[in-house]
Structure formats: structure tokens, C-alpha cells
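Q: Contents of run17.tsv (TSV, C-alpha atoms and all ligand atoms) are below:
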```tsv
chain	number	residue	atom	x	y	z
A	1	MET	CA	57.60	56.94	225.36
A	2	SER	CA	59.05	58.45	222.16
A	3	SER	CA	58.02	61.98	221.21
A	4	SER	CA	57.51	63.14	217.66
A	5	PRO	CA	60.53	64.68	215.91
A	6	LEU	CA	61.09	68.40	215.71
A	7	HIS	CA	60.94	69.36	212.01
A	8	LEU	CA	63.05	72.43	211.27
A	9	PRO	CA	64.14	74.30	208.14
A	10	THR	CA	67.27	72.55	206.88
A	11	SER	CA	69.82	75.20	207.84
A	12	GLN	CA	68.43	75.49	211.38
A	13	ALA	CA	68.46	71.73	211.82
A	14	TYR	CA	72.09	71.54	210.69
A	15	ASP	CA	73.08	74.48	212.89
A	16	LEU	CA	72.02	72.32	215.84
A	17	TRP	CA	73.40	69.10	214.35
A	18	SER	CA	76.82	70.72	213.82
A	19	GLU	CA	77.59	70.29	217.53
A	20	VAL	CA	77.63	66.50	217.21
A	21	TYR	CA	77.69	65.88	213.44
A	22	ASP	CA	81.30	64.67	213.40
A	23	THR	CA	80.99	62.49	216.48
A	24	ASP	CA	77.55	60.89	216.66
A	25	GLY	CA	78.53	57.58	215.02
A	26	ASN	CA	76.38	58.08	211.91
A	27	VAL	CA	76.40	54.87	209.87
A	28	LEU	CA	75.68	56.61	206.59
A	29	GLN	CA	78.73	58.81	207.02
A	30	GLN	CA	80.85	55.72	207.59
A	31	LEU	CA	79.56	54.08	204.40
A	32	ASP	CA	80.21	57.38	202.67
A	33	ASP	CA	83.81	57.45	203.90
A	34	ILE	CA	84.40	54.03	202.35
A	35	TYR	CA	82.95	55.08	198.99
A	36	ILE	CA	84.84	58.38	198.98
A	37	SER	CA	88.17	56.79	199.89
A	38	THR	CA	87.94	54.42	196.94
A	39	THR	CA	86.54	56.89	194.39
A	40	LEU	CA	87.91	60.36	195.02
A	41	PRO	CA	91.66	59.67	194.60
A	42	GLY	CA	91.06	58.60	190.98
A	43	LEU	CA	89.37	61.91	190.16
A	44	ILE	CA	91.69	64.47	191.72
A	45	THR	CA	94.45	65.85	189.53
A	46	PRO	CA	97.24	68.05	190.93
A	47	ASN	CA	96.07	71.62	191.57
A	48	CYS	CA	92.59	71.06	190.21
A	49	THR	CA	89.67	73.26	191.22
A	50	VAL	CA	86.77	71.47	192.89
A	51	VAL	CA	83.40	72.83	193.95
A	52	GLU	CA	81.76	71.25	196.95
A	53	LEU	CA	77.99	71.60	197.20
A	54	GLY	CA	76.83	71.16	200.80
A	55	CYS	CA	80.30	70.86	202.36
A	56	GLY	CA	79.00	70.76	205.95
A	57	THR	CA	81.72	70.43	208.57
A	58	GLY	CA	84.26	69.65	205.87
A	59	ARG	CA	84.48	65.88	206.13
A	60	ASN	CA	85.40	65.78	202.46
A	61	THR	CA	86.72	69.32	202.03
A	62	LEU	CA	89.81	68.44	204.00
A	63	LYS	CA	90.29	65.21	202.07
A	64	LEU	CA	90.20	67.18	198.83
A	65	VAL	CA	92.97	69.43	200.08
A	66	GLU	CA	95.05	66.49	201.28
A	67	MET	CA	94.63	64.77	197.92
A	68	GLY	CA	96.12	67.77	196.13
A	69	ALA	CA	93.25	69.94	194.93
A	70	GLY	CA	94.59	73.44	194.33
A	71	LYS	CA	91.33	75.16	195.16
A	72	VAL	CA	88.11	74.07	196.82
A	73	LEU	CA	85.10	76.35	196.63
A	74	ALA	CA	82.80	75.05	199.34
A	75	ILE	CA	79.14	76.05	199.73
A	76	ASP	CA	76.74	75.41	202.57
A	77	ASN	CA	73.89	77.34	204.12
A	78	SER	CA	74.33	76.25	207.71
A	79	ARG	CA	76.52	78.70	209.58
A	80	GLY	CA	76.99	76.15	212.36
A	81	MET	CA	78.35	73.52	209.96
A	82	LEU	CA	80.60	76.07	208.23
A	83	GLU	CA	82.00	77.22	211.57
A	84	LYS	CA	83.11	73.67	212.30
A	85	LEU	CA	84.83	73.59	208.93
A	86	SER	CA	86.66	76.88	209.62
A	87	GLU	CA	87.84	75.52	212.97
A	88	LYS	CA	89.43	72.60	211.12
A	89	LEU	CA	91.01	74.71	208.42
A	90	GLY	CA	94.44	75.91	209.28
A	91	GLY	CA	97.88	75.41	207.87
A	92	GLU	CA	97.10	72.94	205.14
A	93	GLY	CA	93.79	74.29	203.92
A	94	GLU	CA	94.71	77.95	204.20
A	95	GLY	CA	94.21	79.81	200.94
A	96	ARG	CA	93.09	76.65	199.19
A	97	VAL	CA	89.57	76.55	200.56
A	98	GLU	CA	87.04	79.33	200.09
A	99	THR	CA	83.71	78.94	201.84
A	100	PHE	CA	80.40	80.51	200.87
A	101	GLU	CA	77.37	80.64	203.13
A	102	VAL	CA	74.70	80.30	200.48
A	103	ASP	CA	71.42	78.44	200.15
A	104	LEU	CA	71.71	76.28	197.03
A	105	ASN	CA	68.03	77.03	196.39
A	106	THR	CA	68.87	80.69	195.77
A	107	PHE	CA	70.53	79.94	192.44
A	108	SER	CA	68.03	80.47	189.66
A	109	SER	CA	66.10	77.44	188.47
A	110	ASP	CA	68.21	77.08	185.31
A	111	GLY	CA	71.31	77.36	187.49
A	112	VAL	CA	72.80	79.89	185.09
A	113	GLY	CA	70.93	83.11	185.59
A	114	ILE	CA	71.53	86.05	187.79
A	115	THR	CA	70.76	85.79	191.44
A	116	THR	CA	70.57	88.72	193.77
A	117	HIS	CA	71.84	86.77	196.75
A	118	ASP	CA	75.23	88.18	197.80
A	119	GLY	CA	76.86	84.88	198.68
A	120	ALA	CA	75.81	83.32	195.39
A	121	ALA	CA	77.15	86.33	193.48
A	122	GLU	CA	80.44	86.05	195.39
A	123	PHE	CA	80.64	82.38	194.46
A	124	ARG	CA	80.02	83.13	190.78
A	125	LYS	CA	82.71	85.83	190.90
A	126	SER	CA	85.18	83.41	192.39
A	127	LEU	CA	84.42	80.92	189.61
A	128	ARG	CA	85.06	83.41	186.83
A	129	ASP	CA	88.82	82.90	186.37
A	130	LYS	CA	88.82	79.18	187.11
A	131	GLU	CA	88.28	75.99	185.17
A	132	VAL	CA	86.39	73.65	187.46
A	133	SER	CA	87.47	70.00	187.16
A	134	GLY	CA	84.82	68.49	189.34
A	135	ILE	CA	82.04	68.77	191.87
A	136	VAL	CA	81.73	66.82	195.09
A	137	SER	CA	78.39	66.59	196.86
A	138	THR	CA	77.98	64.04	199.60
A	139	LEU	CA	74.72	63.29	201.44
A	140	VAL	CA	73.11	66.57	200.37
A	141	LEU	CA	70.81	65.60	197.50
A	142	GLU	CA	68.01	64.44	199.82
A	143	HIS	CA	67.56	68.06	200.93
A	144	LEU	CA	67.11	69.46	197.44
A	145	HIS	CA	64.87	69.21	194.42
A	146	LEU	CA	66.68	67.32	191.67
A	147	ARG	CA	66.26	70.11	189.15
A	148	THR	CA	67.83	72.64	191.54
A	149	PHE	CA	70.82	70.40	192.08
A	150	PHE	CA	71.54	69.24	188.53
A	151	SER	CA	70.88	72.61	186.89
A	152	LEU	CA	73.36	74.23	189.24
A	153	ALA	CA	75.93	71.47	188.72
A	154	ALA	CA	75.55	71.81	184.93
A	155	SER	CA	76.09	75.55	185.14
A	156	ILE	CA	79.35	75.08	187.04
A	157	LEU	CA	80.96	72.17	185.19
A	158	PRO	CA	82.51	72.36	181.73
A	159	PRO	CA	82.14	69.42	179.33
A	160	ASP	CA	84.14	66.42	180.56
A	161	GLY	CA	83.95	67.62	184.17
A	162	TRP	CA	83.10	65.05	186.82
A	163	LEU	CA	80.46	65.04	189.52
A	164	LEU	CA	80.91	62.77	192.52
A	165	LEU	CA	77.51	62.41	194.12
A	166	THR	CA	76.44	60.39	197.14
A	167	ASN	CA	73.10	60.24	198.88
A	168	MET	CA	70.94	58.30	201.25
A	169	HIS	CA	69.71	55.26	199.29
A	170	TRP	CA	66.04	55.44	198.24
A	171	ASP	CA	65.30	52.15	200.10
A	172	MET	CA	66.43	53.76	203.34
A	173	GLY	CA	64.64	56.96	202.34
A	174	VAL	CA	61.32	55.10	202.34
A	175	ILE	CA	61.64	54.27	206.02
A	176	SER	CA	63.84	57.09	207.30
A	177	SER	CA	65.33	60.51	206.57
A	178	ALA	CA	68.22	62.61	207.82
A	179	GLY	CA	67.96	63.56	211.47
A	180	PHE	CA	69.78	63.45	214.77
A	181	LEU	CA	69.13	63.14	218.46
A	182	ASP	CA	69.83	66.52	220.03
A	183	PRO	CA	71.74	65.69	223.21
A	184	THR	CA	70.73	68.98	224.85
A	185	THR	CA	66.97	68.37	224.53
A	186	GLY	CA	66.80	64.59	223.98
A	187	LYS	CA	64.61	65.30	220.96
A	188	LYS	CA	65.00	63.97	217.44
A	189	VAL	CA	65.53	66.89	215.02
A	190	LYS	CA	64.81	66.56	211.31
A	191	PRO	CA	65.62	68.85	208.38
A	192	VAL	CA	63.57	68.94	205.18
A	193	SER	CA	64.07	65.74	203.22
A	194	ILE	CA	62.93	64.45	199.83
A	195	ASN	CA	63.39	60.83	198.80
A	196	HIS	CA	64.72	60.49	195.23
A	197	ASN	CA	64.75	57.09	193.55
A	198	LYS	CA	67.23	55.80	190.98
A	199	ARG	CA	65.03	56.46	187.95
A	200	GLU	CA	64.32	60.04	189.05
A	201	ILE	CA	67.99	60.79	189.69
A	202	LEU	CA	69.17	59.35	186.38
A	203	GLU	CA	66.39	61.02	184.41
A	204	GLU	CA	67.09	64.49	185.80
A	205	ALA	CA	70.87	64.03	185.51
A	206	GLY	CA	70.44	63.04	181.86
A	207	LYS	CA	68.43	66.18	181.10
A	208	TRP	CA	71.42	68.28	182.18
A	209	GLY	CA	74.01	66.27	180.23
A	210	PHE	CA	75.32	63.99	182.97
A	211	VAL	CA	76.14	60.38	182.17
A	212	VAL	CA	77.10	57.72	184.68
A	213	GLU	CA	80.75	56.73	184.62
A	214	GLY	CA	81.14	53.12	185.67
A	215	GLU	CA	78.23	52.07	187.87
A	216	MET	CA	76.07	53.35	190.69
A	217	LYS	CA	77.24	51.71	193.92
A	218	GLU	CA	74.47	50.75	196.34
A	219	GLU	CA	75.59	49.74	199.82
A	220	GLY	CA	74.20	48.80	203.19
A	221	ILE	CA	74.92	46.71	206.23
A	222	ARG	CA	74.83	43.09	205.08
A	223	ASP	CA	74.51	41.19	208.37
A	224	LEU	CA	75.26	41.41	212.10
A	225	GLU	CA	78.87	40.47	211.53
A	226	HIS	CA	79.27	43.32	209.03
A	227	ALA	CA	77.42	45.67	211.42
A	228	LYS	CA	80.11	45.18	214.07
A	229	GLY	CA	82.52	47.34	212.11
A	230	PHE	CA	80.11	50.29	212.14
A	231	GLY	CA	79.21	50.55	215.81
A	232	ARG	CA	75.99	49.75	217.70
A	233	ARG	CA	73.79	52.03	215.64
A	234	ALA	CA	74.38	49.81	212.60
A	235	GLU	CA	72.45	46.81	213.91
A	236	LYS	CA	69.04	48.24	213.18
A	237	TRP	CA	69.96	48.74	209.51
A	238	VAL	CA	70.95	45.19	208.69
A	239	GLY	CA	69.59	44.22	205.26
A	240	VAL	CA	68.66	47.76	204.18
A	241	LEU	CA	70.45	49.52	201.32
A	242	MET	CA	71.52	52.82	202.88
A	243	HIS	CA	73.99	54.53	200.62
A	244	VAL	CA	74.31	55.27	196.93
A	245	GLY	CA	77.39	56.69	195.26
A	246	VAL	CA	77.95	57.58	191.64
A	247	VAL	CA	80.34	59.48	189.43
A	248	PHE	CA	78.79	61.39	186.55
A	249	ARG	CA	80.68	62.84	183.61
A	250	ARG	CA	79.30	65.95	181.92
A	251	ILE	CA	79.05	65.54	178.16
B	301	LIG	C1	74.28	65.38	205.69
B	301	LIG	S1	75.11	66.90	205.58
B	301	LIG	C2	76.48	66.47	204.54
B	301	LIG	C3	77.68	67.34	204.78
B	301	LIG	C4	78.93	66.87	204.09
B	301	LIG	N1	78.79	66.91	202.66
B	301	LIG	C5	79.23	65.47	204.55
B	301	LIG	O1	79.13	64.54	203.75
B	301	LIG	O2	79.58	65.31	205.73
B	301	LIG	C6	74.12	67.86	204.47
B	301	LIG	C7	74.67	69.26	204.28
B	301	LIG	O3	73.96	69.89	203.22
B	301	LIG	C8	73.72	71.24	203.59
B	301	LIG	N2	72.55	71.72	202.86
B	301	LIG	C9	71.32	71.18	202.82
B	301	LIG	N3	70.49	71.92	202.06
B	301	LIG	C10	71.24	72.97	201.62
B	301	LIG	C11	70.95	74.09	200.80
B	301	LIG	N4	69.73	74.30	200.30
B	301	LIG	N5	71.93	74.98	200.56
B	301	LIG	C12	73.18	74.78	201.06
B	301	LIG	N6	73.51	73.74	201.84
B	301	LIG	C13	72.55	72.84	202.12
B	301	LIG	C14	73.48	71.16	205.09
B	301	LIG	O4	73.62	72.40	205.74
B	301	LIG	C15	74.52	70.14	205.51
B	301	LIG	O5	75.73	70.72	205.85
```
Show me the file's structure as C-alpha cells.
A:
Amino acid sequence: MSSSPLHLPTSQAYDLWSEVYDTDGNVLQQLDDIYISTTLPGLITPNCTVVELGCGTGRNTLKLVEMGAGKVLAIDNSRGMLEKLSEKLGGEGEGRVETFEVDLNTFSSDGVGITTHDGAAEFRKSLRDKEVSGIVSTLVLEHLHLRTFFSLAASILPPDGWLLLTNMHWDMGVISSAGFLDPTTGKKVKPVSINHNKREILEEAGKWGFVVEGEMKEEGIRDLEHAKGFGRRAEKWVGVLMHVGVVFRRI
């Protein structure tokens, strides 16, 4: 008998998820890794400054450092996820990664204005003497309103800056949403999730001066043979588009 999921505020859900986030064989993360490994190297320039919105346990934060980013300003509002990132940071990331425990919703709705939240003010202060080359945000958009996300991104990026954005695909979003099986309780835990379709994403991005560079890449598990490479959890997703990745350029 399956019980109904436990719906929690996003940061609380991720605090719990942080214990197994890096190890629970998430198929979407694996598709994300493939997209990131083919896209990110072409965007990073030596010593560039990158902002990461929703860095989580640092799956991509560490890649940014390895690829040569001079500074990564990484924001998340789950203390549990950020603690996992700090555990991973050492030698290589030291001094090059600054983390901010801030709710992205606390930035004002135009992304530019003053906010009274300390962490957000700290982040803005840290931005002051830097030219940001790009923003990375992977698998975070489903937790936010589009206006919140794109207004903030537009307030951070100068013209010609890039935004690498990935998310759960809207086809998957119709039948599922982010969540994990908490091994300590055996219960499915779900954060707040909003399904955004392609038209909505492109429309909001356009309002804030973001244009697609190249094409949006939509991926999923094609067939059982393909599923084998992603572990047992992939079988149930055969034929469903699960992941979307896109690079925007700010005009
Ligand atoms: C699926 S995880 C992705 C983490 C990381 N980017 C990755 O790809 O592994 C989503 C992350 O977004 C963060 N997040 C969601 N809503 C947020 C908000 N309003 N403010 C800050 N972080 C948020 C969560 O805490 C979580 O770490």
C-alpha cells in the first residue's frame, strides 16, 4: 500500500533530501550531467565569475571550479544542501567559491531593488566589484515562479552574459515533480513544484532580454536499451521527455 507524499516547504524538503541527494540514482541528474558536460566547457573562460542559482550540494559548483572559473557565487536556501557543498569544498575550491544561504524569492520582484534579507544583501555586496560572465542554474526552475527567476538573472547579468539553465521537462512535469524517498521514514517527500512549459519559459525569458543561443535540448530515456545506462530507476521513464537544457544570451 503506498501512502501519500509528505509535502514540505522547499528548503525543508531539500534539508532532508541532502542526506541522499548525491547517491540516490536520480535519472534526471544523470541526464543533467550529460548536458552540462557538453555545454559548460564552451562557456567558461579563464578566471570568469559565475553565479550559481540553487547550487544544492555543489554537483556543478565543483565542475565550475575545475573548469577554471575564478569565482563562483553560489546561492541556495537549504542549509542541508549547502553543508554538503562545504564538506566537498577544500583545497581546490577554497577562496574561489562563496556560498550564500538565501531564498531566491526574497529578491524583490524586479530583481533589482533593495531587499532587507541579510544573505541577499551580502550577495549583492559581493557582486559589486565583479563582472559576472554567466549564471548556472540546474534543476531549480521548477521550484520558482518564472518572473522571480528571470528578473533576478537579468539583474545579475550584463549584456552578452550567458545563462545556462536546465529543468525538469514539462512532459515529465505533467506526471511527476521533484521528490525523494526518505530512507529513514520510507515516505516520499516533495518540495513545492511548478510545471513550466516551453512557451511560458521562452516568453518570460524574452521579457527580460534573454535570447536562446543554439537550441533547447529536450532529452529522455529512449528505450529499455538506453535505460540500462541509467540504472533501474530509468525503466519507468522510457519514452518520456525528462530534461530540458538551454543556453540564453542576455541582449
Ligand atoms: C534539484 S536541486 C538542484 C541542485 C543543483 N543545482 C543540482 O543540479 O544538483 C534544487 C535546488 O534548488 C534549491 N532551491 C529551490 N528553491 C529555492 C529558493 N527559493 N531559493 C534558493 N534555493 C532554492 C534547493 O534547495 C535545491 O538545492
Q: Could you state the separation of CA of His169 (chain A) and CA of Phe123 (chain A) in Å, given to one decimal place?
A: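 Distance between the two atoms: 29.6 Å.
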Q: Name the closest residue to ligand LIG 301 (chain B) among the candidates A:Pro41, A:Gly70, A:Gly54, A:Gly220; distances are taken between atoms, counting all atoms listed in the file.
A: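 Answer, going by the shortest atom-to-atom distance: A:Gly54.
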Q: Using only C-alpha atoms, determine which residues lie at most 7 Å from region 95-104 of chain A, disregarding the query and same-chain residues fewer than 2 positions distant; provide the list as a VMD selection string.
A: chain A and resid 70 to 77 79 93 106 to 107 119 to 120 123
Q: So the first atom is atom O3 of ligand LIG 301 (chain B) and the second is CA of Glu142 (chain A); what is the distance between them in Å, to one decimal place?
A: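 These atoms are spaced 8.8 Å apart.
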Q: If the limit is 6 Å from any atom of ligand LIG 301 (chain B), counting all atoms listed in the file, which residues qualify? Return them as a PyMOL selection string.
A: chain A and resi 10-11+14+54-56+59+76-78+81+102-105+137-140+143
Q: If you keep C-alpha atoms, can you produce a file of those selected residues as a CSV table (one decimal), keeping the file's coordinate frame?
A:
```csv
chain,number,residue,atom,x,y,z
A,10,THR,CA,67.3,72.6,206.9
A,11,SER,CA,69.8,75.2,207.8
A,14,TYR,CA,72.1,71.5,210.7
A,54,GLY,CA,76.8,71.2,200.8
A,55,CYS,CA,80.3,70.9,202.4
A,56,GLY,CA,79.0,70.8,206.0
A,59,ARG,CA,84.5,65.9,206.1
A,76,ASP,CA,76.7,75.4,202.6
A,77,ASN,CA,73.9,77.3,204.1
A,78,SER,CA,74.3,76.2,207.7
A,81,MET,CA,78.4,73.5,210.0
A,102,VAL,CA,74.7,80.3,200.5
A,103,ASP,CA,71.4,78.4,200.2
A,104,LEU,CA,71.7,76.3,197.0
A,105,ASN,CA,68.0,77.0,196.4
A,137,SER,CA,78.4,66.6,196.9
A,138,THR,CA,78.0,64.0,199.6
A,139,LEU,CA,74.7,63.3,201.4
A,140,VAL,CA,73.1,66.6,200.4
A,143,HIS,CA,67.6,68.1,200.9
```
Q: What does the structure give for the distance between CA of Glu122 (chain A) and CA of Leu165 (chain A), in Å to one decimal?
A: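 Distance between the two atoms: 23.9 Å.
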Q: For His226 (chain A), which residue out of A:Gly134, A:Gly239, A:Gly90, A:Pro183 is the nearest one, using all atoms listed in the file?
A: A:Gly239
Q: Determine the nearest neighbour of Pro159 (chain A) from the options A:Leu141, A:Leu181, A:Val211, A:Val136, counting only C-alpha atoms.
A: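 Closest candidate: A:Val211.
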Q: Closest to Thr23 (chain A) among A:Phe210, A:Asp160, A:Ser155, A:Thr57, using all atoms listed in the file?
A: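 Counting all atoms listed in the file, the residue closest to Thr23 (chain A) is A:Thr57.
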Q: Pick out the closest residue to Asp171 (chain A) from this set: A:Ile221, A:Ile135, A:Ala234, A:Met242. Count all atoms listed in the file.
A: A:Met242
Q: Which residues are close to Leu8 (chain A), i.e. within 8 Å by all atoms listed in the file, leaving aside same-chain residues fewer than 3 positions away? Reply as a PyMOL selection string.
A: chain A and resi 12-13+189-192
Q: Using only C-alpha atoms for the distances, tell me which of A:Lys125, A:Lys187, A:Arg249, A:Lys217 is nearest to Asn167 (chain A).
A: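 Nearest to Asn167 (chain A): A:Lys217.
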Q: Could you pull region 92-202 of chain A out of the block above and save it with C-alpha atoms, as a PDB file, in the first residue's frame?
A:
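Contents of out14.pdb, freshly written:
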```pdb
ATOM      1  CA  GLU A  92      40.675  23.351  -4.986  1.00  0.00           C
ATOM      2  CA  GLY A  93      37.547  25.344  -4.267  1.00  0.00           C
ATOM      3  CA  GLU A  94      38.966  27.316  -1.369  1.00  0.00           C
ATOM      4  CA  GLY A  95      38.619  31.052  -1.865  1.00  0.00           C
ATOM      5  CA  ARG A  96      37.026  30.563  -5.260  1.00  0.00           C
ATOM      6  CA  VAL A  97      33.570  29.626  -4.046  1.00  0.00           C
ATOM      7  CA  GLU A  98      31.429  31.862  -1.859  1.00  0.00           C
ATOM      8  CA  THR A  99      28.132  30.440  -0.658  1.00  0.00           C
ATOM      9  CA  PHE A 100      25.040  32.372   0.380  1.00  0.00           C
ATOM     10  CA  GLU A 101      22.130  30.851   2.259  1.00  0.00           C
ATOM     11  CA  VAL A 102      19.355  32.895   0.695  1.00  0.00           C
ATOM     12  CA  ASP A 103      15.851  32.208  -0.539  1.00  0.00           C
ATOM     13  CA  LEU A 104      15.741  33.323  -4.182  1.00  0.00           C
ATOM     14  CA  ASN A 105      12.187  34.508  -3.528  1.00  0.00           C
ATOM     15  CA  THR A 106      13.492  37.191  -1.170  1.00  0.00           C
ATOM     16  CA  PHE A 107      14.930  39.246  -4.011  1.00  0.00           C
ATOM     17  CA  SER A 108      12.444  41.918  -4.991  1.00  0.00           C
ATOM     18  CA  SER A 109      10.086  41.112  -7.847  1.00  0.00           C
ATOM     19  CA  ASP A 110      12.027  43.251 -10.328  1.00  0.00           C
ATOM     20  CA  GLY A 111      15.204  41.520  -9.168  1.00  0.00           C
ATOM     21  CA  VAL A 112      16.951  44.868  -8.860  1.00  0.00           C
ATOM     22  CA  GLY A 113      15.551  46.572  -5.813  1.00  0.00           C
ATOM     23  CA  ILE A 114      16.617  46.597  -2.248  1.00  0.00           C
ATOM     24  CA  THR A 115      15.925  43.614  -0.105  1.00  0.00           C
ATOM     25  CA  THR A 116      16.215  43.589   3.632  1.00  0.00           C
ATOM     26  CA  HIS A 117      17.297  39.968   3.793  1.00  0.00           C
ATOM     27  CA  ASP A 118      20.874  39.802   5.106  1.00  0.00           C
ATOM     28  CA  GLY A 119      22.064  36.987   2.873  1.00  0.00           C
ATOM     29  CA  ALA A 120      20.711  38.682  -0.232  1.00  0.00           C
ATOM     30  CA  ALA A 121      22.397  41.954   0.767  1.00  0.00           C
ATOM     31  CA  GLU A 122      25.675  40.080   1.305  1.00  0.00           C
ATOM     32  CA  PHE A 123      25.341  38.549  -2.141  1.00  0.00           C
ATOM     33  CA  ARG A 124      24.713  41.942  -3.746  1.00  0.00           C
ATOM     34  CA  LYS A 125      27.749  43.345  -1.912  1.00  0.00           C
ATOM     35  CA  SER A 126      29.909  40.540  -3.190  1.00  0.00           C
ATOM     36  CA  LEU A 127      28.737  41.243  -6.746  1.00  0.00           C
ATOM     37  CA  ARG A 128      29.626  44.917  -6.599  1.00  0.00           C
ATOM     38  CA  ASP A 129      33.259  44.743  -7.753  1.00  0.00           C
ATOM     39  CA  LYS A 130      32.780  41.873 -10.193  1.00  0.00           C
ATOM     40  CA  GLU A 131      31.748  41.480 -13.803  1.00  0.00           C
ATOM     41  CA  VAL A 132      29.625  38.352 -13.972  1.00  0.00           C
ATOM     42  CA  SER A 133      30.192  36.292 -17.131  1.00  0.00           C
ATOM     43  CA  GLY A 134      27.426  33.804 -16.625  1.00  0.00           C
ATOM     44  CA  ILE A 135      24.790  32.151 -14.495  1.00  0.00           C
ATOM     45  CA  VAL A 136      24.312  28.439 -13.991  1.00  0.00           C
ATOM     46  CA  SER A 137      21.035  27.110 -12.661  1.00  0.00           C
ATOM     47  CA  THR A 138      20.358  23.411 -12.912  1.00  0.00           C
ATOM     48  CA  LEU A 139      17.089  21.699 -11.945  1.00  0.00           C
ATOM     49  CA  VAL A 140      15.910  24.653  -9.849  1.00  0.00           C
ATOM     50  CA  LEU A 141      13.406  26.453 -12.080  1.00  0.00           C
ATOM     51  CA  GLU A 142      10.553  24.084 -11.202  1.00  0.00           C
ATOM     52  CA  HIS A 143      10.634  25.461  -7.648  1.00  0.00           C
ATOM     53  CA  LEU A 144      10.271  29.096  -8.652  1.00  0.00           C
ATOM     54  CA  HIS A 145       7.931  31.453 -10.427  1.00  0.00           C
ATOM     55  CA  LEU A 146       9.380  32.351 -13.812  1.00  0.00           C
ATOM     56  CA  ARG A 147       9.265  36.068 -13.142  1.00  0.00           C
ATOM     57  CA  THR A 148      11.233  35.638  -9.902  1.00  0.00           C
ATOM     58  CA  PHE A 149      13.910  33.667 -11.690  1.00  0.00           C
ATOM     59  CA  PHE A 150      14.359  35.703 -14.866  1.00  0.00           C
ATOM     60  CA  SER A 151      14.114  39.104 -13.170  1.00  0.00           C
ATOM     61  CA  LEU A 152      16.860  38.102 -10.779  1.00  0.00           C
ATOM     62  CA  ALA A 153      19.011  36.661 -13.573  1.00  0.00           C
ATOM     63  CA  ALA A 154      18.569  39.869 -15.591  1.00  0.00           C
ATOM     64  CA  SER A 155      19.620  41.971 -12.618  1.00  0.00           C
ATOM     65  CA  ILE A 156      22.842  39.983 -12.229  1.00  0.00           C
ATOM     66  CA  LEU A 157      23.977  39.559 -15.834  1.00  0.00           C
ATOM     67  CA  PRO A 158      25.433  42.308 -18.007  1.00  0.00           C
ATOM     68  CA  PRO A 159      24.594  42.415 -21.733  1.00  0.00           C
ATOM     69  CA  ASP A 160      26.199  39.490 -23.562  1.00  0.00           C
ATOM     70  CA  GLY A 161      26.291  37.399 -20.378  1.00  0.00           C
ATOM     71  CA  TRP A 162      25.177  33.778 -20.638  1.00  0.00           C
ATOM     72  CA  LEU A 163      22.645  31.807 -18.650  1.00  0.00           C
ATOM     73  CA  LEU A 164      22.870  28.028 -18.630  1.00  0.00           C
ATOM     74  CA  LEU A 165      19.504  26.753 -17.492  1.00  0.00           C
ATOM     75  CA  THR A 166      18.263  23.204 -17.065  1.00  0.00           C
ATOM     76  CA  ASN A 167      14.987  21.944 -15.690  1.00  0.00           C
ATOM     77  CA  MET A 168      12.653  19.007 -15.468  1.00  0.00           C
ATOM     78  CA  HIS A 169      10.963  18.766 -18.883  1.00  0.00           C
ATOM     79  CA  TRP A 170       7.322  19.916 -18.928  1.00  0.00           C
ATOM     80  CA  ASP A 171       6.197  16.483 -20.250  1.00  0.00           C
ATOM     81  CA  MET A 172       7.634  14.857 -17.142  1.00  0.00           C
ATOM     82  CA  GLY A 173       6.273  17.708 -15.041  1.00  0.00           C
ATOM     83  CA  VAL A 174       2.729  16.774 -16.075  1.00  0.00           C
ATOM     84  CA  ILE A 175       3.039  13.346 -14.495  1.00  0.00           C
ATOM     85  CA  SER A 176       5.649  13.933 -11.793  1.00  0.00           C
ATOM     86  CA  SER A 177       7.562  16.517  -9.766  1.00  0.00           C
ATOM     87  CA  ALA A 178      10.757  16.647  -7.720  1.00  0.00           C
ATOM     88  CA  GLY A 179      10.731  14.379  -4.707  1.00  0.00           C
ATOM     89  CA  PHE A 180      12.624  11.599  -2.994  1.00  0.00           C
ATOM     90  CA  LEU A 181      12.045   8.538  -0.879  1.00  0.00           C
ATOM     91  CA  ASP A 182      13.247   9.339   2.625  1.00  0.00           C
ATOM     92  CA  PRO A 183      15.127   6.207   3.706  1.00  0.00           C
ATOM     93  CA  THR A 184      14.625   6.997   7.393  1.00  0.00           C
ATOM     94  CA  THR A 185      10.812   7.098   7.203  1.00  0.00           C
ATOM     95  CA  GLY A 186      10.111   5.229   3.947  1.00  0.00           C
ATOM     96  CA  LYS A 187       7.941   8.167   2.915  1.00  0.00           C
ATOM     97  CA  LYS A 188       8.039  10.105  -0.344  1.00  0.00           C
ATOM     98  CA  VAL A 189       8.894  13.767   0.371  1.00  0.00           C
ATOM     99  CA  LYS A 190       8.021  16.526  -2.077  1.00  0.00           C
ATOM    100  CA  PRO A 191       9.049  20.194  -2.202  1.00  0.00           C
ATOM    101  CA  VAL A 192       6.928  22.897  -3.841  1.00  0.00           C
ATOM    102  CA  SER A 193       6.931  22.437  -7.601  1.00  0.00           C
ATOM    103  CA  ILE A 194       5.523  24.388 -10.554  1.00  0.00           C
ATOM    104  CA  ASN A 195       5.448  22.945 -14.053  1.00  0.00           C
ATOM    105  CA  HIS A 196       6.609  25.470 -16.691  1.00  0.00           C
ATOM    106  CA  ASN A 197       6.131  24.705 -20.370  1.00  0.00           C
ATOM    107  CA  LYS A 198       8.325  25.789 -23.264  1.00  0.00           C
ATOM    108  CA  ARG A 199       6.150  28.710 -24.339  1.00  0.00           C
ATOM    109  CA  GLU A 200       5.963  30.091 -20.790  1.00  0.00           C
ATOM    110  CA  ILE A 201       9.719  29.820 -20.273  1.00  0.00           C
ATOM    111  CA  LEU A 202      10.592  31.470 -23.587  1.00  0.00           C
TER     112      LEU A 202
END
```
